[in-house]
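S.K.: Sharing model05.txt here; it has compact mmCIF, C-alpha atoms.
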# COMPACT_ATOMS: atom_id res chain seq x y z
CA MET A 1 21.96 7.47 8.31
CA ASP A 2 24.41 10.20 7.36
CA LEU A 3 24.96 12.57 4.52
CA GLY A 4 27.68 10.38 3.00
CA THR A 5 25.31 7.46 2.48
CA PHE A 6 22.76 9.72 0.80
CA LEU A 7 25.43 11.09 -1.50
CA ALA A 8 26.60 7.56 -2.30
CA ILE A 9 23.07 6.47 -3.18
CA ILE A 10 22.42 9.51 -5.35
CA ILE A 11 25.74 9.41 -7.24
CA GLY A 12 25.47 5.64 -7.50
CA ALA A 13 22.03 5.73 -9.09
CA VAL A 14 22.65 8.73 -11.38
CA PHE A 15 26.15 7.95 -12.63
CA VAL A 16 27.86 4.75 -11.47
CA SER A 17 25.01 2.36 -12.15
CA ASN A 18 22.90 4.56 -14.40
CA PHE A 19 19.62 2.78 -15.03
CA VAL A 20 19.73 3.10 -18.80
CA LEU A 21 23.39 2.89 -19.69
CA MET A 22 24.68 0.50 -17.03
CA ARG A 23 21.67 -1.58 -15.99
CA PHE A 24 19.88 -1.67 -19.37
CA LEU A 25 16.52 -0.64 -17.95
CA GLY A 26 13.99 1.53 -19.76
CA LEU A 27 15.53 1.12 -23.18
CA CYS A 28 12.23 1.32 -25.07
CA PRO A 29 11.48 4.95 -24.10
CA PHE A 30 15.21 5.68 -24.36
CA VAL A 31 15.11 4.74 -28.04
CA GLY A 32 11.53 5.82 -28.69
CA VAL A 33 11.15 9.23 -27.01
CA SER A 34 14.67 10.59 -27.56
CA LYS A 35 14.02 12.46 -30.78
CA ASP A 36 13.89 15.99 -29.40
CA PRO A 37 15.16 17.33 -26.05
CA ASP A 38 11.88 18.97 -25.01
CA SER A 39 9.78 15.84 -25.09
CA ALA A 40 12.72 13.93 -23.58
CA LEU A 41 12.66 16.31 -20.63
CA GLY A 42 8.88 15.91 -20.30
CA MET A 43 9.18 12.13 -20.32
CA GLY A 44 12.03 12.36 -17.81
CA MET A 45 9.99 14.46 -15.39
CA ALA A 46 7.10 12.01 -15.60
CA VAL A 47 9.48 9.11 -14.95
CA ILE A 48 11.12 10.83 -11.95
CA PHE A 49 7.69 11.42 -10.46
CA VAL A 50 6.40 7.91 -11.07
CA MET A 51 9.63 6.23 -9.91
CA THR A 52 9.64 8.16 -6.63
CA MET A 53 5.97 7.36 -6.03
CA ALA A 54 6.45 3.73 -7.02
CA SER A 55 9.40 3.33 -4.63
CA LEU A 56 7.33 4.81 -1.81
CA VAL A 57 4.24 2.70 -2.45
CA THR A 58 6.04 -0.58 -3.10
CA TRP A 59 7.99 -0.09 0.16
CA PHE A 60 4.71 0.03 2.08
CA ILE A 61 3.32 -2.95 0.16
CA TYR A 62 6.44 -5.06 0.77
CA VAL A 63 7.02 -4.18 4.42
CA PHE A 64 3.44 -4.09 5.69
CA ILE A 65 1.64 -6.61 3.48
CA LEU A 66 3.95 -9.07 1.72
CA GLU A 67 6.42 -9.65 4.56
CA PRO A 68 4.01 -10.02 7.54
CA PHE A 69 1.86 -12.51 5.62
CA GLY A 70 4.86 -14.42 4.27
CA ILE A 71 3.86 -14.00 0.64
CA THR A 72 6.98 -12.30 -0.67
CA TYR A 73 6.95 -14.64 -3.67
CA LEU A 74 3.95 -12.66 -4.94
CA ARG A 75 6.23 -9.62 -5.20
CA THR A 76 6.19 -9.42 -8.99
CA ILE A 77 2.40 -9.61 -9.33
CA ALA A 78 1.79 -7.17 -6.47
CA PHE A 79 4.32 -4.63 -7.71
CA ILE A 80 3.23 -4.57 -11.33
CA LEU A 81 -0.42 -4.15 -10.38
CA VAL A 82 0.40 -1.39 -7.91
CA ILE A 83 2.52 0.42 -10.48
CA ALA A 84 -0.14 0.13 -13.18
CA THR A 85 -2.80 1.45 -10.79
CA LEU A 86 -0.51 4.20 -9.58
CA VAL A 87 0.18 5.45 -13.08
CA GLN A 88 -3.53 5.48 -13.87
CA PHE A 89 -4.24 7.30 -10.61
CA VAL A 90 -1.50 9.87 -11.13
CA GLU A 91 -2.84 10.56 -14.59
CA MET A 92 -6.36 11.13 -13.24
CA VAL A 93 -5.14 13.43 -10.44
CA ILE A 94 -2.97 15.51 -12.78
CA GLU A 95 -5.81 15.79 -15.27
CA LYS A 96 -8.16 17.16 -12.60
CA THR A 97 -5.76 19.42 -10.72
CA SER A 98 -3.43 20.79 -13.36
CA PRO A 99 -4.57 20.59 -16.99
CA ALA A 100 -1.42 22.42 -18.13
CA LEU A 101 0.87 19.78 -16.61
CA HIS A 102 -1.40 17.08 -18.00
CA ARG A 103 -1.04 18.48 -21.50
CA SER A 104 2.74 18.31 -21.28
CA LEU A 105 3.11 15.00 -19.38
CA GLY A 106 -0.15 13.26 -20.25
CA ILE A 107 0.98 11.44 -23.36
CA TYR A 108 3.99 9.95 -21.59
CA LEU A 109 2.18 8.55 -18.58
CA PRO A 110 0.57 5.49 -20.23
CA LEU A 111 3.97 4.62 -21.70
CA ILE A 112 5.46 4.41 -18.23
CA THR A 113 3.40 1.41 -17.09
CA THR A 114 5.38 -0.88 -19.34
CA ASN A 115 8.66 0.91 -18.65
CA CYS A 116 10.81 -1.75 -17.07
CA ALA A 117 12.82 0.90 -15.22
CA VAL A 118 9.89 1.51 -12.86
CA LEU A 119 9.44 -2.14 -11.91
CA GLY A 120 13.24 -2.41 -11.94
CA VAL A 121 13.67 0.31 -9.34
CA ALA A 122 11.15 -1.44 -7.08
CA VAL A 123 13.01 -4.77 -7.41
CA VAL A 124 16.41 -3.11 -6.79
CA ASN A 125 14.99 -1.37 -3.72
CA VAL A 126 13.81 -4.69 -2.29
CA GLU A 127 17.18 -6.33 -2.89
CA ASP A 128 19.39 -3.44 -1.78
CA PHE A 129 17.55 -1.71 1.02
CA ILE A 130 14.54 -3.64 2.30
CA THR A 131 15.84 -7.18 2.72
CA THR A 132 19.31 -6.19 3.94
CA GLY A 133 18.21 -5.74 7.56
CA LEU A 134 18.36 -1.94 7.73
CA PRO A 135 16.21 -0.25 10.39
CA LEU A 136 12.73 0.56 9.11
CA GLY A 137 13.17 4.34 8.94
CA ALA A 138 16.52 4.18 7.16
CA SER A 139 15.33 1.65 4.60
CA PHE A 140 12.28 3.83 3.88
CA ILE A 141 14.30 7.02 3.31
CA TYR A 142 16.99 5.24 1.29
CA THR A 143 14.32 3.64 -0.88
CA VAL A 144 12.63 6.93 -1.70
CA VAL A 145 15.95 8.73 -2.31
CA HIS A 146 17.08 5.87 -4.56
CA GLY A 147 13.82 5.96 -6.52
CA PHE A 148 14.17 9.69 -7.09
CA SER A 149 17.81 9.58 -8.13
CA ALA A 150 17.26 6.59 -10.42
CA GLY A 151 14.65 8.70 -12.21
CA LEU A 152 17.15 11.55 -12.35
CA GLY A 153 19.74 9.26 -13.94
CA PHE A 154 17.17 8.10 -16.50
CA THR A 155 16.31 11.72 -17.36
CA LEU A 156 19.99 12.63 -17.70
CA ALA A 157 20.64 9.81 -20.15
CA LEU A 158 17.45 10.54 -22.10
CA VAL A 159 18.09 14.28 -22.47
CA LEU A 160 21.73 13.72 -23.42
CA MET A 161 20.70 11.19 -26.05
CA ALA A 162 17.99 13.50 -27.44
CA SER A 163 20.48 16.35 -27.77
CA ILE A 164 22.99 14.13 -29.54
CA ARG A 165 20.35 12.78 -31.91
CA GLN A 166 19.41 16.30 -32.93
CA ARG A 167 23.00 16.93 -34.01
CA LEU A 168 23.08 13.54 -35.75
CA GLN A 169 20.35 14.61 -38.16
CA LEU A 170 22.83 16.98 -39.75
CA GLY A 171 25.63 14.41 -39.89
CA GLY A 172 26.12 11.96 -42.70
CA VAL A 173 24.92 8.70 -41.17
CA PRO A 174 25.12 5.65 -43.50
CA LYS A 175 21.70 4.79 -44.86
CA SER A 176 21.43 1.42 -43.20
CA MET A 177 22.33 2.86 -39.80
CA ILE A 178 19.74 5.68 -39.70
CA GLY A 179 17.31 5.53 -36.79
CA ILE A 180 17.61 2.87 -34.11
CA PRO A 181 21.01 1.33 -35.11
CA ILE A 182 22.94 4.61 -34.84
CA THR A 183 21.12 5.37 -31.58
CA PHE A 184 22.54 2.16 -30.15
CA ILE A 185 26.07 3.00 -31.30
CA VAL A 186 25.78 6.43 -29.67
CA ALA A 187 24.42 4.79 -26.52
CA GLY A 188 27.46 2.50 -26.55
CA LEU A 189 29.81 5.48 -26.70
CA MET A 190 27.87 7.17 -23.89
CA ALA A 191 28.13 3.97 -21.88
CA ILE A 192 31.92 4.00 -22.34
CA ALA A 193 31.94 7.51 -20.88
CA PHE A 194 29.75 6.42 -18.00
CA GLN A 195 31.99 3.41 -17.47
CA GLY A 196 34.55 5.93 -16.23
CA PHE A 197 32.36 6.61 -13.20
CA SER A 198 32.60 3.00 -12.07
CA GLY A 199 36.07 3.78 -10.76
CA LEU A 200 34.57 6.17 -8.22
CA LYS A 201 35.12 5.00 -4.68
CA ILE A 202 32.42 6.40 -2.43
CA MET B 1 -1.36 -17.05 -43.51
CA SER B 2 -0.46 -20.72 -43.33
CA ALA B 3 0.21 -22.33 -39.98
CA PHE B 4 3.84 -22.95 -40.84
CA SER B 5 4.60 -19.34 -41.68
CA GLU B 6 2.93 -18.35 -38.39
CA LEU B 7 5.65 -20.38 -36.74
CA THR B 8 8.59 -19.08 -38.75
CA LYS B 9 7.74 -15.39 -39.09
CA GLY B 10 9.29 -14.60 -35.71
CA ILE B 11 12.71 -15.89 -36.64
CA TYR B 12 13.65 -13.44 -39.36
CA ARG B 13 10.84 -11.50 -41.02
CA GLU B 14 9.21 -10.26 -37.82
CA ASN B 15 12.05 -10.90 -35.41
CA PRO B 16 10.91 -9.26 -32.17
CA VAL B 17 14.30 -7.84 -31.22
CA PHE B 18 15.92 -6.80 -34.50
CA ARG B 19 12.78 -5.92 -36.46
CA LEU B 20 10.20 -4.73 -33.98
CA ALA B 21 12.74 -3.41 -31.41
CA LEU B 22 10.84 -5.09 -28.58
CA GLY B 23 12.31 -6.73 -25.49
CA LEU B 24 15.51 -4.75 -25.81
CA CYS B 25 16.30 -4.55 -22.11
CA PRO B 26 16.75 -8.29 -21.47
CA ALA B 27 18.32 -8.72 -24.93
CA LEU B 28 21.18 -6.46 -23.94
CA ALA B 29 21.38 -7.12 -20.22
CA VAL B 30 21.67 -10.90 -20.07
CA SER B 31 23.59 -11.44 -23.31
CA THR B 32 27.01 -11.66 -21.65
CA SER B 33 27.18 -15.42 -22.25
CA VAL B 34 25.37 -17.92 -24.44
CA GLU B 35 24.22 -19.89 -21.40
CA ASN B 36 22.47 -16.86 -19.92
CA ALA B 37 20.93 -16.10 -23.29
CA LEU B 38 19.51 -19.62 -23.59
CA GLY B 39 18.16 -19.44 -20.04
CA MET B 40 16.49 -16.10 -20.64
CA GLY B 41 15.14 -17.21 -24.03
CA GLY B 42 13.68 -20.36 -22.51
CA ALA B 43 12.08 -18.51 -19.62
CA ALA B 44 10.55 -15.86 -21.89
CA THR B 45 9.30 -18.51 -24.34
CA PHE B 46 7.59 -20.39 -21.52
CA VAL B 47 5.87 -17.23 -20.26
CA LEU B 48 4.91 -16.28 -23.81
CA LEU B 49 3.43 -19.72 -24.46
CA GLY B 50 1.49 -19.74 -21.18
CA SER B 51 0.14 -16.23 -21.54
CA ASN B 52 -0.79 -16.68 -25.20
CA ILE B 53 -2.72 -19.88 -24.36
CA VAL B 54 -4.59 -18.36 -21.43
CA VAL B 55 -5.31 -15.04 -23.12
CA SER B 56 -6.57 -16.83 -26.22
CA LEU B 57 -8.85 -19.03 -24.07
CA ILE B 58 -10.38 -16.17 -22.08
CA ARG B 59 -10.36 -13.57 -24.84
CA LYS B 60 -14.14 -13.56 -25.18
CA ALA B 61 -14.73 -13.21 -21.43
CA ILE B 62 -12.55 -10.14 -20.88
CA PRO B 63 -14.24 -6.74 -21.20
CA ALA B 64 -12.28 -4.57 -23.63
CA LYS B 65 -11.74 -1.76 -21.11
CA VAL B 66 -9.82 -3.78 -18.52
CA ARG B 67 -8.05 -6.12 -20.92
CA ILE B 68 -4.51 -4.78 -20.32
CA PRO B 69 -4.61 -5.28 -16.51
CA CYS B 70 -6.03 -8.78 -17.11
CA TYR B 71 -3.19 -9.64 -19.47
CA ILE B 72 -0.65 -8.28 -16.98
CA VAL B 73 -2.02 -10.48 -14.19
CA VAL B 74 -1.89 -13.56 -16.43
CA ILE B 75 1.68 -12.76 -17.48
CA ALA B 76 2.81 -11.96 -13.94
CA SER B 77 1.44 -15.32 -12.72
CA PHE B 78 3.51 -17.22 -15.28
CA VAL B 79 6.56 -15.13 -14.46
CA THR B 80 6.17 -16.02 -10.79
CA VAL B 81 6.02 -19.69 -11.78
CA VAL B 82 9.27 -19.31 -13.74
CA GLU B 83 10.88 -17.39 -10.88
CA LEU B 84 10.09 -20.10 -8.32
CA VAL B 85 10.92 -23.08 -10.57
CA MET B 86 14.21 -21.57 -11.73
CA GLY B 87 15.18 -20.62 -8.18
CA ALA B 88 14.56 -24.20 -7.06
CA TYR B 89 16.12 -26.21 -9.89
CA LEU B 90 18.62 -23.88 -11.57
CA PRO B 91 19.87 -21.66 -8.72
CA GLU B 92 23.03 -20.60 -10.55
CA LEU B 93 21.24 -19.49 -13.70
CA SER B 94 18.65 -17.76 -11.58
CA LYS B 95 21.39 -15.87 -9.77
CA SER B 96 23.16 -14.73 -12.94
CA LEU B 97 19.91 -13.59 -14.58
CA GLY B 98 19.05 -11.80 -11.32
CA MET B 99 16.41 -9.12 -11.48
CA PHE B 100 15.71 -9.75 -15.16
CA ILE B 101 13.54 -12.76 -14.33
CA PRO B 102 10.87 -10.71 -12.52
CA LEU B 103 11.30 -8.10 -15.26
CA ILE B 104 9.99 -10.57 -17.89
CA VAL B 105 6.60 -9.16 -16.83
CA VAL B 106 7.35 -5.86 -18.54
CA ASN B 107 8.98 -7.47 -21.58
CA CYS B 108 7.01 -5.74 -24.30
CA ILE B 109 7.11 -8.82 -26.57
CA ILE B 110 4.82 -10.78 -24.26
CA LEU B 111 2.22 -8.07 -23.69
CA GLY B 112 2.51 -7.13 -27.34
CA ARG B 113 1.72 -10.66 -28.54
CA ALA B 114 -1.16 -10.98 -26.06
CA GLU B 115 -2.68 -7.73 -27.30
CA ALA B 116 -1.89 -8.02 -31.00
CA PHE B 117 -2.26 -11.75 -31.60
CA ALA B 118 -3.67 -13.97 -28.85
CA SER B 119 -6.63 -11.70 -28.15
CA LYS B 120 -7.76 -12.03 -31.77
CA ASN B 121 -6.85 -15.62 -32.71
CA GLY B 122 -7.72 -19.14 -31.67
CA ILE B 123 -5.65 -21.27 -29.35
CA PHE B 124 -3.84 -23.30 -32.02
CA ARG B 125 -2.54 -20.27 -33.90
CA SER B 126 -1.68 -18.53 -30.62
CA ILE B 127 0.49 -21.47 -29.58
CA LEU B 128 2.31 -21.41 -32.93
CA ASP B 129 2.76 -17.65 -32.66
CA ALA B 130 4.15 -17.94 -29.13
CA ILE B 131 6.62 -20.66 -30.11
CA GLY B 132 7.71 -18.73 -33.21
CA MET B 133 8.20 -15.46 -31.36
CA GLY B 134 9.94 -17.28 -28.51
CA ILE B 135 12.37 -18.90 -30.94
CA GLY B 136 12.96 -15.53 -32.60
CA PHE B 137 13.71 -13.87 -29.27
CA THR B 138 16.03 -16.71 -28.22
CA PHE B 139 17.78 -16.60 -31.60
CA ALA B 140 18.41 -12.85 -31.22
CA LEU B 141 19.74 -13.32 -27.69
CA VAL B 142 22.02 -16.18 -28.71
CA LEU B 143 23.37 -14.22 -31.69
CA ILE B 144 24.22 -11.16 -29.57
CA SER B 145 25.64 -13.18 -26.71
CA ALA B 146 27.72 -15.43 -28.97
CA LEU B 147 29.42 -12.37 -30.48
CA ARG B 148 29.95 -10.77 -27.09
CA GLU B 149 31.22 -13.92 -25.40
CA LEU B 150 33.50 -14.79 -28.31
CA LEU B 151 35.13 -11.37 -28.57
CA GLY B 152 34.99 -10.39 -24.92
CA ASP B 153 36.02 -13.66 -23.33
CA GLY B 154 37.40 -15.80 -26.16
CA LYS B 155 34.92 -18.53 -25.22
CA LEU B 156 31.74 -20.06 -26.58
CA MET B 157 29.42 -21.88 -24.17
CA GLY B 158 32.33 -21.82 -21.71
CA TYR B 159 34.86 -23.52 -24.07
CA MET B 160 38.02 -21.69 -25.15
CA VAL B 161 37.89 -21.00 -28.88
CA PHE B 162 40.83 -18.79 -29.70
CA GLY B 163 43.55 -20.43 -27.63
CA PRO B 164 45.61 -18.95 -24.80
CA ASN B 165 47.25 -16.09 -26.77
CA PHE B 166 43.94 -14.36 -27.47
CA LYS B 167 43.65 -10.98 -25.75
CA PRO B 168 39.93 -10.56 -24.87
CA MET B 169 38.19 -7.29 -25.73
CA LEU B 170 36.92 -6.62 -22.26
CA ILE B 171 34.61 -3.85 -23.46
CA MET B 172 32.39 -6.39 -25.25
CA ILE B 173 31.39 -8.04 -21.99
CA LEU B 174 30.75 -4.70 -20.31
CA ALA B 175 27.71 -2.52 -20.94
CA PRO B 176 29.07 -0.50 -23.93
CA GLY B 177 29.77 -3.68 -25.91
CA ALA B 178 26.11 -4.67 -25.69
CA PHE B 179 24.92 -1.39 -27.18
CA ILE B 180 27.49 -1.39 -29.96
CA THR B 181 26.88 -5.05 -30.90
CA MET B 182 23.14 -4.38 -31.03
CA GLY B 183 23.57 -1.29 -33.22
CA LEU B 184 25.87 -3.06 -35.66
CA LEU B 185 23.61 -6.13 -35.90
CA MET B 186 20.54 -3.99 -36.61
CA GLY B 187 22.52 -2.12 -39.25
CA MET B 188 23.59 -5.42 -40.78
CA PHE B 189 19.99 -6.61 -41.03
CA ASN B 190 19.10 -3.35 -42.77
CA VAL B 191 21.90 -3.90 -45.29
CA ILE B 192 20.74 -7.46 -45.99
CA ASP B 193 17.19 -6.19 -46.53
CA ALA B 194 18.33 -3.47 -48.90
CA ARG B 195 20.30 -6.04 -50.94
CA ARG B 196 17.28 -8.32 -51.17
CA GLU B 197 15.02 -5.53 -52.34
CA ARG B 198 17.46 -4.57 -55.05
CA LYS B 199 17.50 -8.17 -56.30
CA ASP B 200 13.70 -8.45 -56.45
How would this structure read if it were set down as structure tokens?
M.R.:
Amino acid sequence: MDLGTFLAIIIGAVFVSNFVLMRFLGLCPFVGVSKDPDSALGMGMAVIFVMTMASLVTWFIYVFILEPFGITYLRTIAFILVIATLVQFVEMVIEKTSPALHRSLGIYLPLITTNCAVLGVAVVNVEDFITTGLPLGASFIYTVVHGFSAGLGFTLALVLMASIRQRLQLGGVPKSMIGIPITFIVAGLMAIAFQGFSGLKI
Amino acid sequence: MSAFSELTKGIYRENPVFRLALGLCPALAVSTSVENALGMGGAATFVLLGSNIVVSLIRKAIPAKVRIPCYIVVIASFVTVVELVMGAYLPELSKSLGMFIPLIVVNCIILGRAEAFASKNGIFRSILDAIGMGIGFTFALVLISALRELLGDGKLMGYMVFGPNFKPMLIMILAPGAFITMGLLMGMFNVIDARRERKD
């Protein structure tokens, strides 16, 4: 467990295998909530929070419940239920403790349950860190760091896309390409840029 | 609506991917080859069929407040079935689809059909709806993947099409190609629609 590995995990999740542009996860909010940068940032914050929490909780579920009882094939069911409950719980806690935060994040939270990036990060964690025979402490810390930086990568892509789409409204987009089609073309160009990071050797 | 149009609406008029912009993640991620696309389409259709049948059968027993968690459990059970069966009988396909098999759970098409159709209609119509939507999803996947495989690899279903002198456009197989193909296809469908409206 050294600083280099942390850096590799963070850069890997934010840039090299960006969840949206390289792994194709969380495309629905990427297309749906990327109309203005402010709400994109709000959605991004909510996703960072939920992804970190989901990584933490699913690590406990996998290591202390699914593995000891030999029921790892129930992974999908267990994870999706835990994530759905977690989102509901987070929403209730935020509503009680900080109404201001709830006003700004509240509308995005229900959307996150069906965001495949959250379940995706849990599945990637299992495959990359939990079942690869790392010591318990290391796998726990790597999992949480990976969850956080995956959320960060999602937010980066979402905010970038929202800023570009704002400029696009002034540009002359062909009529049949307005809306989702042009968003995909822009995403493709962004993905080409992000492809450049895949040459990074860390 | 007649039973037949229930079956065919998913293919073009209400195509889940191109029209409703649902299930985009698997549509882009696994469409690197036609084989993967067929595998993913089949798996999603099976889950859709199973969940539509079960949801339609128990729709009167589920309290409205907890209906979404109930649907998710039903869907997740069928996904687990697919995961285990595919891992046992088609290990190669299961490996190349990778994490997108468990992610069928959060495919918005399936939850969307459970909520919007199966929870309000009888079992016969729900089966037709599931098959129609499944075919529509598979059709979209095959269309995207055929273009990407043809241009990016010069092959179709693993057979060389363009001969040995063809220089593949590598970008089509990589992530950017998926986004661009998707954008252009959606634009094309919009153009076709606009033409039709003008004719009417």
S.K.: Please measure the separation of atom CA of B:Gly10 and atom CA of B:Ile109, giving the value in Å to one decimal.
M.R.: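 Here the two named atoms are 11.0 Å from each other.
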S.K.: Set out as CSV a contact list for chain B and chain A with a cut-off of 9 Å, giving each residue of chain B that qualifies its closest atom pair and distance in Å to one decimal, counting all atoms listed in the file, ordered by chain and rising residue number.
M.R.:
residue,atom,partner,partner_atom,distance
B:Ala21,CA,A:Cys28,CA,7.9
B:Leu22,CA,A:Cys28,CA,7.4
B:Gly23,CA,A:Cys28,CA,8.1
B:Leu24,CA,A:Leu27,CA,6.4
B:Cys25,CA,A:Phe24,CA,5.3
B:Pro26,CA,A:Phe24,CA,7.6
B:Leu28,CA,A:Phe24,CA,6.7
B:Ala29,CA,A:Phe24,CA,5.7
B:Pro69,CA,A:Leu81,CA,7.5
B:Ile72,CA,A:Leu81,CA,7.8
B:Val73,CA,A:Ile77,CA,6.6
B:Ile75,CA,A:Ile77,CA,8.8
B:Ala76,CA,A:Ile77,CA,5.2
B:Ser77,CA,A:Ile77,CA,6.7
B:Val79,CA,A:Thr76,CA,7.9
B:Thr80,CA,A:Thr76,CA,6.8
B:Glu83,CA,A:Tyr73,CA,8.7
B:Leu84,CA,A:Tyr73,CA,7.8
B:Met99,CA,A:Val123,CA,6.9
B:Phe100,CA,A:Gly120,CA,8.4
B:Pro102,CA,A:Thr76,CA,6.0
B:Leu103,CA,A:Cys116,CA,6.6
B:Ile104,CA,A:Cys116,CA,8.9
B:Val105,CA,A:Thr76,CA,7.9
B:Val106,CA,A:Thr114,CA,5.4
B:Asn107,CA,A:Cys116,CA,7.5
B:Cys108,CA,A:Thr114,CA,7.1
B:Leu111,CA,A:Thr114,CA,9.0
B:Ile171,CA,A:Ile192,CA,8.4
B:Leu174,CA,A:Met22,CA,8.6
B:Ala175,CA,A:Met22,CA,5.8
B:Pro176,CA,A:Gly188,CA,4.3
B:Gly177,CA,A:Gly188,CA,6.6
B:Ala178,CA,A:Gly188,CA,7.3
B:Phe179,CA,A:Gly188,CA,4.7
B:Ile180,CA,A:Ile185,CA,4.8
B:Thr181,CA,A:Ile185,CA,8.1
B:Met182,CA,A:Phe184,CA,6.6
B:Gly183,CA,A:Pro181,CA,4.1
B:Leu184,CA,A:Pro181,CA,6.6
B:Leu185,CA,A:Pro181,CA,7.9
B:Met186,CA,A:Pro181,CA,5.5
B:Gly187,CA,A:Met177,CA,5.0
B:Met188,CA,A:Ser176,CA,7.6
B:Phe189,CA,A:Ser176,CA,8.4
B:Asn190,CA,A:Ser176,CA,5.3
B:Val191,CA,A:Ser176,CA,5.7
B:Ala194,CA,A:Ser176,CA,8.1
S.K.: Got a sec to check which residues sit within 8 Å of (5.1, -17.7, -29.1), counting only C-alpha atoms, and write them as a short mmCIF file (atom, residue, chain, number, x, y, z; two decimals) with C-alpha atoms, in the coordinates of the input?
M.R.:
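Result saved to part-v4.cif:
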data_model
loop_
_atom_site.label_atom_id
_atom_site.label_comp_id
_atom_site.auth_asym_id
_atom_site.auth_seq_id
_atom_site.Cartn_x
_atom_site.Cartn_y
_atom_site.Cartn_z
CA THR B 45 9.30 -18.51 -24.34
CA LEU B 48 4.91 -16.28 -23.81
CA LEU B 49 3.43 -19.72 -24.46
CA ASN B 52 -0.79 -16.68 -25.20
CA ARG B 113 1.72 -10.66 -28.54
CA SER B 126 -1.68 -18.53 -30.62
CA ILE B 127 0.49 -21.47 -29.58
CA LEU B 128 2.31 -21.41 -32.93
CA ASP B 129 2.76 -17.65 -32.66
CA ALA B 130 4.15 -17.94 -29.13
CA ILE B 131 6.62 -20.66 -30.11
CA GLY B 132 7.71 -18.73 -33.21
CA MET B 133 8.20 -15.46 -31.36
CA GLY B 134 9.94 -17.28 -28.51
CA ILE B 135 12.37 -18.90 -30.94
#
S.K.: Excluding B:Arg148 and residues on its chain fewer than 2 positions from it, collect all residues at most 10 Å away from it, counting all atoms listed in the file, and give them as a short mmCIF file (atom, residue, chain, number, x, y, z; two decimals) with C-alpha atoms, keeping the file's coordinate frame.
M.R.:
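The file below, around_2.cif, is the result:
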data_model
loop_
_atom_site.label_atom_id
_atom_site.label_comp_id
_atom_site.auth_asym_id
_atom_site.auth_seq_id
_atom_site.Cartn_x
_atom_site.Cartn_y
_atom_site.Cartn_z
CA SER B 31 23.59 -11.44 -23.31
CA THR B 32 27.01 -11.66 -21.65
CA SER B 33 27.18 -15.42 -22.25
CA VAL B 34 25.37 -17.92 -24.44
CA VAL B 142 22.02 -16.18 -28.71
CA LEU B 143 23.37 -14.22 -31.69
CA ILE B 144 24.22 -11.16 -29.57
CA SER B 145 25.64 -13.18 -26.71
CA ALA B 146 27.72 -15.43 -28.97
CA LEU B 150 33.50 -14.79 -28.31
CA LEU B 151 35.13 -11.37 -28.57
CA GLY B 152 34.99 -10.39 -24.92
CA ASP B 153 36.02 -13.66 -23.33
CA GLY B 154 37.40 -15.80 -26.16
CA LYS B 155 34.92 -18.53 -25.22
CA LEU B 156 31.74 -20.06 -26.58
CA MET B 169 38.19 -7.29 -25.73
CA LEU B 170 36.92 -6.62 -22.26
CA ILE B 171 34.61 -3.85 -23.46
CA MET B 172 32.39 -6.39 -25.25
CA ILE B 173 31.39 -8.04 -21.99
CA LEU B 174 30.75 -4.70 -20.31
CA GLY B 177 29.77 -3.68 -25.91
CA ALA B 178 26.11 -4.67 -25.69
CA THR B 181 26.88 -5.05 -30.90
#
S.K.: Which residue, B:Ile110, B:Gly122, B:Ile192, B:Gly87, has the smallest gap to B:Phe46 when you use only C-alpha atoms?
M.R.: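 Closest candidate: B:Ile110.
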S.K.: One decimal, in Å: what's the spacing between atom CA of A:Ile10 and atom CA of A:Ser149?
M.R.: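 Spanning atom CA of A:Ile10 to atom CA of A:Ser149 is a straight-line distance of 5.4 Å.
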S.K.: Please list as a PyMOL selection string every residue within 10 Å of A:Val126, counting all atoms listed in the file and excluding residues in the same chain fewer than 2 positions away.
M.R.: chain A and resi 55+58-59+62-63+75+120-124+128-132+139+143
S.K.: Grab the atom CA of A:Phe154 to atom CA of B:Leu97 distance for me, in Å with one decimal place.
M.R.: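 If I compute the distance from atom CA of A:Phe154 to atom CA of B:Leu97, I get 21.9 Å.
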S.K.: Would you pick out the contacts of B:Val74 at 8 Å or less, using only C-alpha atoms, so that residues sharing its chain but fewer than 5 positions from it are not included, and give the list as a VMD selection string?
M.R.: chain B and resid 51 54 to 55
S.K.: Need the axis-aligned box for stretch 44-60 of chain A with 6 Å each side, so what are the centre and edges in Å to one decimal, as JSON?
M.R.:
{"center_x": 8.1, "center_y": 6.9, "center_z": -7.9, "size_x": 19.8, "size_y": 27.0, "size_z": 31.9}
S.K.: For B:Lys95, please output as a PyMOL selection string all residues within 12 Å (counting all atoms listed in the file; exclusion window: fewer than 4 positions along the same chain).
M.R.: chain B and resi 30+36+39-40+83+86-91+99-101
S.K.: Mind rebuilding stretch 188-192 of chain A with N, CA and C atoms and writing that out as an mmCIF file, in the frame of the given file?
M.R.:
data_model
loop_
_atom_site.group_PDB
_atom_site.id
_atom_site.type_symbol
_atom_site.label_atom_id
_atom_site.label_comp_id
_atom_site.auth_asym_id
_atom_site.auth_seq_id
_atom_site.Cartn_x
_atom_site.Cartn_y
_atom_site.Cartn_z
ATOM 1 N N GLY A 188 26.256 3.227 -26.924
ATOM 2 C CA GLY A 188 27.460 2.500 -26.550
ATOM 3 C C GLY A 188 28.589 3.446 -26.191
ATOM 4 N N LEU A 189 28.748 4.508 -26.991
ATOM 5 C CA LEU A 189 29.810 5.480 -26.700
ATOM 6 C C LEU A 189 29.527 6.205 -25.385
ATOM 7 N N MET A 190 28.230 6.541 -25.163
ATOM 8 C CA MET A 190 27.870 7.170 -23.890
ATOM 9 C C MET A 190 28.164 6.232 -22.729
ATOM 10 N N ALA A 191 27.890 4.942 -22.946
ATOM 11 C CA ALA A 191 28.130 3.970 -21.880
ATOM 12 C C ALA A 191 29.617 3.875 -21.562
ATOM 13 N N ILE A 192 30.472 4.015 -22.601
ATOM 14 C CA ILE A 192 31.920 4.000 -22.340
ATOM 15 C C ILE A 192 32.279 5.174 -21.430
#
